[in-house]
Amino acid sequence: MAVPTTKEELIKAIETNYSKLKTELATIPADVATLHTLEGHAKETSMSINNLLSYLIGWGKLVLYWNEKKAKGEEPDFPETGYKWNELGKLAQKFYRDYQSYHFEELKTLLDETVHQLLELVQRKSNKELYEVSWYDKWTLGRMIQFNTSSPYTNARARIRKWKKLNDVK
């Protein structure tokens with residue numbers, strides 16, 4: 001799928017890629033979701049399916065937070081308070097810790113809710129707000145949302161499919 005350049009394309013990309021990811025998640029038994037056998041976000045690391053969901057939730061919640069701060073006329077810390085763009089591995093570890101007490105089904109529900117909130121955010125914005133003005137540095141809001149939703153959903157699905165083949169999960 002091409003990189004979205006309009007509000008409608010962004011909505012379609014989020015919905016399509018998330019739907020495909022949900023289809024993969026539906027086939028994973030909860031008892032294997034905590035096993036650290038999935039290729040990690042940092043080189044030569046491993047993570048669990050639950051960690052992957054925590055990562056997706058964490059980034060989604062950050063996008064919502066950034067927008068909340070900007071709506072109040074405040075400038076959020078990018079990517080997150082206490083983290084720099086070259087420390088995304090550490091930020092991923094924070095997301096894993098943030099949601100470590102959640103079970104697989106709870107994480108799937110929380111991810112559903114987060115995606116729903118992100119889609120509502122996109123719906124509230126005009127195409128101009130999403131794609132015709134810089135929002136952070138050189139990036140538009142639409143591109144920042146896409147970087148943290150539809151693209152990671154595609155990546156997560158590919159990781160899961162590879163993991164399922166390697167671990168004989170049908």
# chains A, B, ... in the order shown; residues from 1 in each chain; ligands from 1
$ residues_around --residues "region 25-35 of chain A" --least-positions-apart "6" --cutoff "8 Å" --atoms "only C-alpha atoms" --output "list in words"
Met47, Ser48, Ile49, Asn50, Asn51, Phe104, Glu105, Val169 and Lys170 of chain A
$ select_by_dssp --residues "chain A" --states "strand (DSSP E)" --output "mmCIF file with all heavy atoms, in the first residue's frame"
data_model
loop_
_atom_site.group_PDB
_atom_site.id
_atom_site.type_symbol
_atom_site.label_atom_id
_atom_site.label_comp_id
_atom_site.auth_asym_id
_atom_site.auth_seq_id
_atom_site.Cartn_x
_atom_site.Cartn_y
_atom_site.Cartn_z
ATOM 1 N N LEU A 38 9.793 -13.968 19.770
ATOM 2 C CA LEU A 38 9.555 -13.120 18.607
ATOM 3 C C LEU A 38 10.754 -12.193 18.431
ATOM 4 O O LEU A 38 11.305 -11.690 19.423
ATOM 5 C CB LEU A 38 8.278 -12.302 18.838
ATOM 6 C CG LEU A 38 7.762 -11.394 17.748
ATOM 7 C CD1 LEU A 38 7.298 -12.206 16.543
ATOM 8 C CD2 LEU A 38 6.581 -10.575 18.276
ATOM 9 N N GLU A 39 11.165 -11.965 17.202
ATOM 10 C CA GLU A 39 12.276 -11.062 16.929
ATOM 11 C C GLU A 39 11.990 -9.693 17.545
ATOM 12 O O GLU A 39 10.923 -9.121 17.346
ATOM 13 C CB GLU A 39 12.453 -10.928 15.418
ATOM 14 C CG GLU A 39 13.597 -10.050 14.996
ATOM 15 C CD GLU A 39 13.702 -9.927 13.484
ATOM 16 O OE1 GLU A 39 13.348 -10.880 12.772
ATOM 17 O OE2 GLU A 39 14.147 -8.854 13.029
ATOM 18 N N SER A 46 14.917 -10.436 21.681
ATOM 19 C CA SER A 46 13.642 -11.107 21.455
ATOM 20 C C SER A 46 12.601 -10.479 22.360
ATOM 21 O O SER A 46 12.923 -9.812 23.344
ATOM 22 C CB SER A 46 13.764 -12.612 21.726
ATOM 23 O OG SER A 46 14.130 -12.838 23.060
ATOM 24 N N MET A 47 11.357 -10.696 21.987
ATOM 25 C CA MET A 47 10.239 -10.161 22.755
ATOM 26 C C MET A 47 9.079 -11.136 22.636
ATOM 27 O O MET A 47 9.145 -12.116 21.902
ATOM 28 C CB MET A 47 9.841 -8.777 22.245
ATOM 29 C CG MET A 47 9.297 -8.769 20.836
ATOM 30 S SD MET A 47 8.839 -7.101 20.343
ATOM 31 C CE MET A 47 8.668 -7.334 18.582
ATOM 32 N N SER A 134 3.234 21.738 8.126
ATOM 33 C CA SER A 134 4.190 21.017 8.976
ATOM 34 C C SER A 134 3.617 20.958 10.381
ATOM 35 O O SER A 134 3.034 21.924 10.870
ATOM 36 C CB SER A 134 5.541 21.731 8.996
ATOM 37 O OG SER A 134 6.158 21.614 7.736
ATOM 38 N N TRP A 135 3.807 19.821 11.013
ATOM 39 C CA TRP A 135 3.265 19.618 12.356
ATOM 40 C C TRP A 135 4.387 19.419 13.376
ATOM 41 O O TRP A 135 4.367 19.942 14.468
ATOM 42 C CB TRP A 135 2.320 18.418 12.344
ATOM 43 C CG TRP A 135 1.549 18.253 13.598
ATOM 44 C CD1 TRP A 135 0.409 18.919 13.956
ATOM 45 C CD2 TRP A 135 1.836 17.351 14.670
ATOM 46 N NE1 TRP A 135 -0.016 18.501 15.190
ATOM 47 C CE2 TRP A 135 0.844 17.531 15.649
ATOM 48 C CE3 TRP A 135 2.838 16.421 14.897
ATOM 49 C CZ2 TRP A 135 0.825 16.815 16.832
ATOM 50 C CZ3 TRP A 135 2.820 15.702 16.064
ATOM 51 C CH2 TRP A 135 1.812 15.900 17.025
ATOM 52 N N TYR A 136 5.378 18.636 12.979
ATOM 53 C CA TYR A 136 6.565 18.437 13.808
ATOM 54 C C TYR A 136 7.765 18.408 12.876
ATOM 55 O O TYR A 136 7.844 17.537 12.003
ATOM 56 C CB TYR A 136 6.480 17.126 14.599
ATOM 57 C CG TYR A 136 7.796 16.755 15.261
ATOM 58 C CD1 TYR A 136 8.267 17.470 16.353
ATOM 59 C CD2 TYR A 136 8.582 15.733 14.748
ATOM 60 C CE1 TYR A 136 9.490 17.164 16.928
ATOM 61 C CE2 TYR A 136 9.808 15.419 15.325
ATOM 62 C CZ TYR A 136 10.249 16.133 16.409
ATOM 63 O OH TYR A 136 11.469 15.843 16.985
ATOM 64 N N TRP A 139 7.669 17.123 9.255
ATOM 65 C CA TRP A 139 6.612 16.127 9.070
ATOM 66 C C TRP A 139 5.220 16.714 9.288
ATOM 67 O O TRP A 139 5.007 17.509 10.187
ATOM 68 C CB TRP A 139 6.819 14.954 10.033
ATOM 69 C CG TRP A 139 8.173 14.346 9.897
ATOM 70 C CD1 TRP A 139 9.210 14.442 10.776
ATOM 71 C CD2 TRP A 139 8.666 13.574 8.805
ATOM 72 N NE1 TRP A 139 10.307 13.779 10.301
ATOM 73 C CE2 TRP A 139 10.002 13.229 9.094
ATOM 74 C CE3 TRP A 139 8.099 13.142 7.613
ATOM 75 C CZ2 TRP A 139 10.782 12.473 8.232
ATOM 76 C CZ3 TRP A 139 8.884 12.381 6.757
ATOM 77 C CH2 TRP A 139 10.201 12.058 7.070
ATOM 78 N N THR A 140 4.298 16.233 8.481
ATOM 79 C CA THR A 140 2.890 16.604 8.686
ATOM 80 C C THR A 140 2.290 15.715 9.768
ATOM 81 O O THR A 140 2.842 14.650 10.097
ATOM 82 C CB THR A 140 2.071 16.421 7.390
ATOM 83 O OG1 THR A 140 2.069 15.024 7.048
ATOM 84 C CG2 THR A 140 2.619 17.261 6.241
#
$ atom_distance --atom1 "CA of Leu118 (chain A)" --atom2 "CA of Tyr102 (chain A)"
20.9 Å
$ closest_residue --among "A:Arg143, A:Lys165, A:Lys70, A:Lys108" --to "Leu53 (chain A)" --atoms "only C-alpha atoms"
A:Lys108
$ residues_around --residues "Arg124 (chain A)" --least-positions-apart "6" --cutoff "12 Å" --atoms "only C-alpha atoms" --output "PyMOL selection string"
chain A and resi 7+11+67+117-118+130
$ closest_residue --among "A:Pro152, A:Leu52, A:Val122, A:Leu10" --to "Leu107 (chain A)" --atoms "only C-alpha atoms"
A:Leu52
$ closest_residue --among "A:Ser126, A:Gln146, A:Thr109, A:Asn167" --to "Lys22 (chain A)" --atoms "only C-alpha atoms"
A:Thr109
$ atom_distance --atom1 "CA of Leu64 (chain A)" --atom2 "CA of Ile160 (chain A)"
25.4 Å
$ select_by_dssp --residues "region 87-170 of chain A" --states "alpha helix (DSSP H)" --output "PyMOL selection string"
chain A and resi 88-98+104-124+127-131+141-147+150-166
$ atom_distance --atom1 "CA of Glu80 (chain A)" --atom2 "CA of Ser54 (chain A)"
15.5 Å
$ decode --residues "region 150-166 of chain A" --atoms "N, CA, C and O atoms" --output "PDB file, in the first residue's frame"
ATOM      1  N   SER A 150      -0.406   2.735  10.821  1.00  0.00           N
ATOM      2  CA  SER A 150      -0.505   1.782   9.712  1.00  0.00           C
ATOM      3  C   SER A 150       0.825   1.108   9.384  1.00  0.00           C
ATOM      4  O   SER A 150       0.849  -0.104   9.147  1.00  0.00           O
ATOM      5  N   SER A 151       1.918   1.847   9.390  1.00  0.00           N
ATOM      6  CA  SER A 151       3.216   1.223   9.095  1.00  0.00           C
ATOM      7  C   SER A 151       3.625   0.200  10.156  1.00  0.00           C
ATOM      8  O   SER A 151       3.989  -0.931   9.808  1.00  0.00           O
ATOM      9  N   PRO A 152       3.571   0.542  11.450  1.00  0.00           N
ATOM     10  CA  PRO A 152       3.902  -0.473  12.457  1.00  0.00           C
ATOM     11  C   PRO A 152       2.929  -1.659  12.468  1.00  0.00           C
ATOM     12  O   PRO A 152       3.337  -2.768  12.820  1.00  0.00           O
ATOM     13  N   TYR A 153       1.677  -1.454  12.088  1.00  0.00           N
ATOM     14  CA  TYR A 153       0.738  -2.580  12.041  1.00  0.00           C
ATOM     15  C   TYR A 153       1.176  -3.566  10.959  1.00  0.00           C
ATOM     16  O   TYR A 153       1.122  -4.782  11.167  1.00  0.00           O
ATOM     17  N   THR A 154       1.636  -3.040   9.834  1.00  0.00           N
ATOM     18  CA  THR A 154       2.131  -3.904   8.757  1.00  0.00           C
ATOM     19  C   THR A 154       3.384  -4.642   9.215  1.00  0.00           C
ATOM     20  O   THR A 154       3.527  -5.850   8.994  1.00  0.00           O
ATOM     21  N   ASN A 155       4.286  -3.925   9.866  1.00  0.00           N
ATOM     22  CA  ASN A 155       5.510  -4.530  10.361  1.00  0.00           C
ATOM     23  C   ASN A 155       5.202  -5.607  11.398  1.00  0.00           C
ATOM     24  O   ASN A 155       5.790  -6.700  11.375  1.00  0.00           O
ATOM     25  N   ALA A 156       4.289  -5.313  12.315  1.00  0.00           N
ATOM     26  CA  ALA A 156       3.920  -6.278  13.362  1.00  0.00           C
ATOM     27  C   ALA A 156       3.325  -7.532  12.743  1.00  0.00           C
ATOM     28  O   ALA A 156       3.643  -8.655  13.162  1.00  0.00           O
ATOM     29  N   ARG A 157       2.480  -7.357  11.766  1.00  0.00           N
ATOM     30  CA  ARG A 157       1.865  -8.513  11.093  1.00  0.00           C
ATOM     31  C   ARG A 157       2.939  -9.388  10.440  1.00  0.00           C
ATOM     32  O   ARG A 157       2.909 -10.614  10.553  1.00  0.00           O
ATOM     33  N   ALA A 158       3.897  -8.767   9.782  1.00  0.00           N
ATOM     34  CA  ALA A 158       4.980  -9.529   9.143  1.00  0.00           C
ATOM     35  C   ALA A 158       5.802 -10.279  10.190  1.00  0.00           C
ATOM     36  O   ALA A 158       6.151 -11.455   9.993  1.00  0.00           O
ATOM     37  N   ARG A 159       6.102  -9.640  11.316  1.00  0.00           N
ATOM     38  CA  ARG A 159       6.846 -10.300  12.397  1.00  0.00           C
ATOM     39  C   ARG A 159       6.071 -11.510  12.921  1.00  0.00           C
ATOM     40  O   ARG A 159       6.654 -12.562  13.168  1.00  0.00           O
ATOM     41  N   ILE A 160       4.780 -11.314  13.110  1.00  0.00           N
ATOM     42  CA  ILE A 160       3.940 -12.392  13.639  1.00  0.00           C
ATOM     43  C   ILE A 160       3.866 -13.546  12.652  1.00  0.00           C
ATOM     44  O   ILE A 160       3.981 -14.712  13.051  1.00  0.00           O
ATOM     45  N   ARG A 161       3.694 -13.254  11.382  1.00  0.00           N
ATOM     46  CA  ARG A 161       3.613 -14.320  10.372  1.00  0.00           C
ATOM     47  C   ARG A 161       4.913 -15.133  10.342  1.00  0.00           C
ATOM     48  O   ARG A 161       4.883 -16.360  10.280  1.00  0.00           O
ATOM     49  N   LYS A 162       6.053 -14.435  10.405  1.00  0.00           N
ATOM     50  CA  LYS A 162       7.345 -15.121  10.432  1.00  0.00           C
ATOM     51  C   LYS A 162       7.465 -15.969  11.695  1.00  0.00           C
ATOM     52  O   LYS A 162       7.889 -17.130  11.647  1.00  0.00           O
ATOM     53  N   TRP A 163       7.075 -15.398  12.825  1.00  0.00           N
ATOM     54  CA  TRP A 163       7.121 -16.096  14.111  1.00  0.00           C
ATOM     55  C   TRP A 163       6.234 -17.345  14.086  1.00  0.00           C
ATOM     56  O   TRP A 163       6.628 -18.405  14.585  1.00  0.00           O
ATOM     57  N   LYS A 164       5.039 -17.205  13.520  1.00  0.00           N
ATOM     58  CA  LYS A 164       4.121 -18.337  13.462  1.00  0.00           C
ATOM     59  C   LYS A 164       4.702 -19.487  12.651  1.00  0.00           C
ATOM     60  O   LYS A 164       4.592 -20.650  13.039  1.00  0.00           O
ATOM     61  N   LYS A 165       5.360 -19.170  11.547  1.00  0.00           N
ATOM     62  CA  LYS A 165       5.990 -20.217  10.731  1.00  0.00           C
ATOM     63  C   LYS A 165       7.112 -20.904  11.499  1.00  0.00           C
ATOM     64  O   LYS A 165       7.209 -22.128  11.518  1.00  0.00           O
ATOM     65  N   LEU A 166       7.957 -20.101  12.150  1.00  0.00           N
ATOM     66  CA  LEU A 166       9.095 -20.660  12.891  1.00  0.00           C
ATOM     67  C   LEU A 166       8.665 -21.486  14.098  1.00  0.00           C
ATOM     68  O   LEU A 166       9.358 -22.410  14.506  1.00  0.00           O
TER      69      LEU A 166
END
